[in-house]
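> Got a structure for you, written out below as structure tokens; questions coming shortly.
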Amino acid sequence: MRFAPPPAAARPAPSAVPASDPDGVLLVDKPAGMTSSDVVVAVRRMFRLKKVGHGGTLDPAATGLLVLLVGRGTRLSERVMGGDKTYEGVLRLGQSTTTQDAEGEPAGGSDPSGVTEETLRALVASDFTGDILQTPPMVSALKKDGVPLYKMARRGEEVAREPRLVHVYSFDVAEFGIPDSRIVVRCSKGTYVRTLCHDVGAKLGCGGHLAGLRRTRCGAFRVEDAIPFADLKELPRADFASRLLPLSSLL
């Protein structure tokens with residue numbers, strides 16, 4: 001006996017093909033305490049995305065502009081990483097640390113009360129503006145023989161690092177104080193602001209480190225246009241694509 005096929009209406013519907021990721025750029029105001037990778041993983045999970053990357057790492061303790069790249073935008077990360085950056089920070093004189101920022105252990109220092117505003121401004125203008133050679137810190141994402149330096153540092157290891165040429169367009173002392181001065185630095189890619197602070201303290205003879213950092217600009221992107229991560233967590237999934245800038249904004 002031959003059986004007739006079921007009518008078309010009774011046949012199971014083909015499974016829905018999942019929509020592809022949208023393409024674009026998402027500006028996020030990163031809070032302290034999260035790594036850049038933490039933000040990427042959270043965004044990928046919250047909005048069920050396949051391809052999300054970022055255009056330049058921020059230290060966990062730092063806040064501010066993190067440029068995320070979605071979909072085909074992940075292929076253009078170098079365009080973001082290669083852009084100039086602007087940071088606001090706090091230079092704390094009188095104490096060096098093992099990480100060159102407030103996360104590290106004390107590593108020597110002396111009373112900075114003899115440092116004047118004129119001395120500090122003259123030093124950063126003469127020695128820390130323009131083309132400078134900077135030795136990257138051990139606690140960094142740079143790799144040696146495929147191993148990130150920060151992993152070596154956690155094991156108590158220290159390896160030689162070649163100084164790198166970076167460019168500091170401006171190093172402004174926005175508000176002078178002892179021990180803390182508020183600074184604004186505009187620089188090329190690959191510049192470590194915490195190393196600038198460490199080296200300033202070394203030049204002054206009292207030690208110094210970076211006590212706080214916020215990235216306010218990355219290329220043409222501004223933190224004022226970024227969505228705070230706390231607000232991003234409340235964003236409906238259907239509204240995610242509306243927050244993306246077009247890939248043409250990277251050109």
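Every chain in the structure tokens has a letter given in the order shown (A, B, ...), and although residue numbers restart at 1 in each chain, ligands are simply numbered from 1 in the order shown.
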Find the spatial neighbours of region 73-86 of chain A, counting only C-alpha atoms, within a cut-off of 8 Å - ignore same-chain residues fewer than 2 positions away - and output them as a ChimeraX atom specification.
/A:23-25,51-56,67,69-71,88,184-189,215-219,247,250-251
> Would you export the selected residues with N, CA and C atoms as a PDB file, in the first residue's frame, please?

ATOM      1  N   ASP A  23      27.090  44.555  11.694  1.00  0.00           N
ATOM      2  CA  ASP A  23      28.454  45.054  11.523  1.00  0.00           C
ATOM      3  C   ASP A  23      28.511  46.489  12.043  1.00  0.00           C
ATOM      4  N   GLY A  24      29.532  46.804  12.822  1.00  0.00           N
ATOM      5  CA  GLY A  24      29.643  48.180  13.274  1.00  0.00           C
ATOM      6  C   GLY A  24      30.615  48.359  14.417  1.00  0.00           C
ATOM      7  N   VAL A  25      30.565  49.539  14.986  1.00  0.00           N
ATOM      8  CA  VAL A  25      31.464  49.965  16.064  1.00  0.00           C
ATOM      9  C   VAL A  25      30.621  50.361  17.265  1.00  0.00           C
ATOM     10  N   LYS A  51      30.908  37.480  16.654  1.00  0.00           N
ATOM     11  CA  LYS A  51      32.182  38.162  16.457  1.00  0.00           C
ATOM     12  C   LYS A  51      32.179  39.522  17.136  1.00  0.00           C
ATOM     13  N   VAL A  52      32.982  39.628  18.189  1.00  0.00           N
ATOM     14  CA  VAL A  52      33.175  40.898  18.897  1.00  0.00           C
ATOM     15  C   VAL A  52      34.649  40.983  19.272  1.00  0.00           C
ATOM     16  N   GLY A  53      35.255  42.133  19.038  1.00  0.00           N
ATOM     17  CA  GLY A  53      36.637  42.364  19.447  1.00  0.00           C
ATOM     18  C   GLY A  53      36.766  43.779  19.951  1.00  0.00           C
ATOM     19  N   HIS A  54      37.968  44.157  20.338  1.00  0.00           N
ATOM     20  CA  HIS A  54      38.179  45.539  20.776  1.00  0.00           C
ATOM     21  C   HIS A  54      39.374  46.148  20.065  1.00  0.00           C
ATOM     22  N   GLY A  55      39.396  47.454  20.053  1.00  0.00           N
ATOM     23  CA  GLY A  55      40.431  48.170  19.324  1.00  0.00           C
ATOM     24  C   GLY A  55      41.490  48.797  20.203  1.00  0.00           C
ATOM     25  N   GLY A  56      41.900  48.094  21.249  1.00  0.00           N
ATOM     26  CA  GLY A  56      42.954  48.620  22.110  1.00  0.00           C
ATOM     27  C   GLY A  56      42.638  48.399  23.573  1.00  0.00           C
ATOM     28  N   VAL A  67      36.717  50.856  22.468  1.00  0.00           N
ATOM     29  CA  VAL A  67      36.092  50.737  21.159  1.00  0.00           C
ATOM     30  C   VAL A  67      35.911  49.257  20.840  1.00  0.00           C
ATOM     31  N   LEU A  69      34.402  46.257  18.297  1.00  0.00           N
ATOM     32  CA  LEU A  69      34.179  46.021  16.877  1.00  0.00           C
ATOM     33  C   LEU A  69      33.323  44.776  16.732  1.00  0.00           C
ATOM     34  N   VAL A  70      32.240  44.901  15.964  1.00  0.00           N
ATOM     35  CA  VAL A  70      31.242  43.837  15.868  1.00  0.00           C
ATOM     36  C   VAL A  70      31.144  43.344  14.420  1.00  0.00           C
ATOM     37  N   GLY A  71      30.960  42.027  14.270  1.00  0.00           N
ATOM     38  CA  GLY A  71      30.806  41.454  12.936  1.00  0.00           C
ATOM     39  C   GLY A  71      32.061  41.646  12.099  1.00  0.00           C
ATOM     40  N   GLU A  88      43.246  61.106  30.633  1.00  0.00           N
ATOM     41  CA  GLU A  88      43.305  61.932  31.832  1.00  0.00           C
ATOM     42  C   GLU A  88      43.751  61.027  32.971  1.00  0.00           C
ATOM     43  N   VAL A 184      46.892  65.436  31.647  1.00  0.00           N
ATOM     44  CA  VAL A 184      46.215  65.081  30.403  1.00  0.00           C
ATOM     45  C   VAL A 184      47.304  64.794  29.375  1.00  0.00           C
ATOM     46  N   VAL A 185      47.264  63.594  28.805  1.00  0.00           N
ATOM     47  CA  VAL A 185      48.303  63.161  27.865  1.00  0.00           C
ATOM     48  C   VAL A 185      47.655  62.768  26.543  1.00  0.00           C
ATOM     49  N   ARG A 186      48.165  63.333  25.463  1.00  0.00           N
ATOM     50  CA  ARG A 186      47.755  62.919  24.115  1.00  0.00           C
ATOM     51  C   ARG A 186      48.962  62.287  23.450  1.00  0.00           C
ATOM     52  N   CYS A 187      48.821  61.050  22.993  1.00  0.00           N
ATOM     53  CA  CYS A 187      49.998  60.293  22.584  1.00  0.00           C
ATOM     54  C   CYS A 187      49.688  59.327  21.447  1.00  0.00           C
ATOM     55  N   SER A 188      50.746  58.761  20.895  1.00  0.00           N
ATOM     56  CA  SER A 188      50.618  57.769  19.825  1.00  0.00           C
ATOM     57  C   SER A 188      50.301  56.407  20.422  1.00  0.00           C
ATOM     58  N   LYS A 189      49.960  55.467  19.547  1.00  0.00           N
ATOM     59  CA  LYS A 189      49.715  54.100  19.998  1.00  0.00           C
ATOM     60  C   LYS A 189      50.977  53.543  20.658  1.00  0.00           C
ATOM     61  N   ARG A 215      40.623  56.931  29.722  1.00  0.00           N
ATOM     62  CA  ARG A 215      40.823  57.234  28.306  1.00  0.00           C
ATOM     63  C   ARG A 215      39.613  58.017  27.802  1.00  0.00           C
ATOM     64  N   THR A 216      39.879  59.164  27.226  1.00  0.00           N
ATOM     65  CA  THR A 216      38.796  60.040  26.785  1.00  0.00           C
ATOM     66  C   THR A 216      38.647  60.114  25.279  1.00  0.00           C
ATOM     67  N   ARG A 217      39.681  59.698  24.568  1.00  0.00           N
ATOM     68  CA  ARG A 217      39.614  59.777  23.106  1.00  0.00           C
ATOM     69  C   ARG A 217      40.468  58.673  22.487  1.00  0.00           C
ATOM     70  N   CYS A 218      39.997  58.152  21.351  1.00  0.00           N
ATOM     71  CA  CYS A 218      40.729  57.133  20.604  1.00  0.00           C
ATOM     72  C   CYS A 218      40.493  57.435  19.135  1.00  0.00           C
ATOM     73  N   GLY A 219      41.495  58.009  18.475  1.00  0.00           N
ATOM     74  CA  GLY A 219      41.291  58.475  17.115  1.00  0.00           C
ATOM     75  C   GLY A 219      40.227  59.547  17.104  1.00  0.00           C
ATOM     76  N   LEU A 247      30.690  51.024   9.913  1.00  0.00           N
ATOM     77  CA  LEU A 247      32.114  50.718   9.710  1.00  0.00           C
ATOM     78  C   LEU A 247      32.835  51.857   8.997  1.00  0.00           C
ATOM     79  N   LEU A 250      35.338  54.154  10.735  1.00  0.00           N
ATOM     80  CA  LEU A 250      36.726  53.759  10.962  1.00  0.00           C
ATOM     81  C   LEU A 250      37.670  54.253   9.874  1.00  0.00           C
ATOM     82  N   LEU A 251      37.120  54.744   8.788  1.00  0.00           N
ATOM     83  CA  LEU A 251      37.969  55.079   7.631  1.00  0.00           C
ATOM     84  C   LEU A 251      38.502  56.491   7.758  1.00  0.00           C
TER      85      LEU A 251
END
> From a DSSP calculation on the backbone, collect every residue of region 136-225 of chain A in helix (DSSP H, G or I) and output the set as an MDAnalysis selection string.
chainID A and resid 149:154 193:204 223:225
> Keeping only C-alpha atoms, write the selected residues to a file as a compact mmCIF listing (two decimals), in the first residue's frame.

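The new file again-v2.txt reads:
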# COMPACT_ATOMS: atom_id res chain seq x y z
CA LEU A 149 55.00 39.80 30.05
CA TYR A 150 52.43 40.15 32.81
CA LYS A 151 52.37 36.36 33.23
CA MET A 152 56.15 36.36 33.67
CA ALA A 153 55.85 39.22 36.15
CA ARG A 154 53.34 37.24 38.21
CA VAL A 193 51.03 56.58 30.60
CA ARG A 194 51.99 54.73 33.78
CA THR A 195 55.54 54.45 32.47
CA LEU A 196 55.53 58.20 31.79
CA CYS A 197 54.54 58.77 35.44
CA HIS A 198 57.15 56.33 36.70
CA ASP A 199 59.87 57.94 34.61
CA VAL A 200 58.87 61.46 35.68
CA GLY A 201 59.18 60.41 39.32
CA ALA A 202 62.58 58.85 38.62
CA LYS A 203 63.82 62.03 36.93
CA LEU A 204 62.66 64.10 39.91
CA VAL A 223 34.12 58.95 25.51
CA GLU A 224 31.23 61.44 25.57
CA ASP A 225 29.62 59.39 22.81
> When you count only C-alpha atoms, which of these residues is closest to Ala238 (chain A): A:Leu26, A:Asp38, A:Ser140, A:Phe47?
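Checking each candidate against Ala238 (chain A), we get A:Phe47 as the closest.
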> Just the residues within 12 Å of Arg155 (chain A), please, counting only C-alpha atoms, with nothing from its chain fewer than 6 positions along; format it as a tab-separated table (two decimals) with C-alpha atoms, in the first residue's frame.

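Written file, result-v7.tsv:
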chain	number	residue	atom	x	y	z
A	138	MET	CA	56.82	44.15	32.79
A	139	VAL	CA	53.15	44.17	33.70
A	147	VAL	CA	54.26	34.57	26.63
A	148	PRO	CA	52.64	37.82	27.86
A	149	LEU	CA	55.00	39.80	30.05
> Quick one: everything within 10 Å of Asp111 (chain A), counting only C-alpha atoms, minus sequence neighbours fewer than 6 positions away in the same chain. Send it as a ChimeraX atom specification.
/A:93-95,178-179,205-207
> With only C-alpha atoms as the counted atoms, please give the residues lying no more than 10 Å from Lys50 (chain A), apart from itself and same-chain residues fewer than 4 positions off, as a list of chain:residue names.
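Selected residues are A:Ser20, A:Asp21, A:Pro22, A:Arg44, A:Arg45, A:Val70, A:Gly71.
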> What's the 7 Å shell around Asp180 (chain A), counting only C-alpha atoms, without same-chain residues fewer than 6 positions away, as JSON, numbers by chain?
{"A": [90, 91, 92, 93]}
> Quick one: of A:Ala241, A:Ala61, A:Ile183, A:Leu120, who's nearest to Thr99 (chain A), counting only C-alpha atoms?
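Smallest separation from Thr99 (chain A) among the options: A:Ala61.
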> Quick one: distance from CA of Pro60 (chain A) to CA of Gly109 (chain A) in Å, one decimal?
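Between CA of Pro60 (chain A) and CA of Gly109 (chain A) the gap is 24.7 Å.
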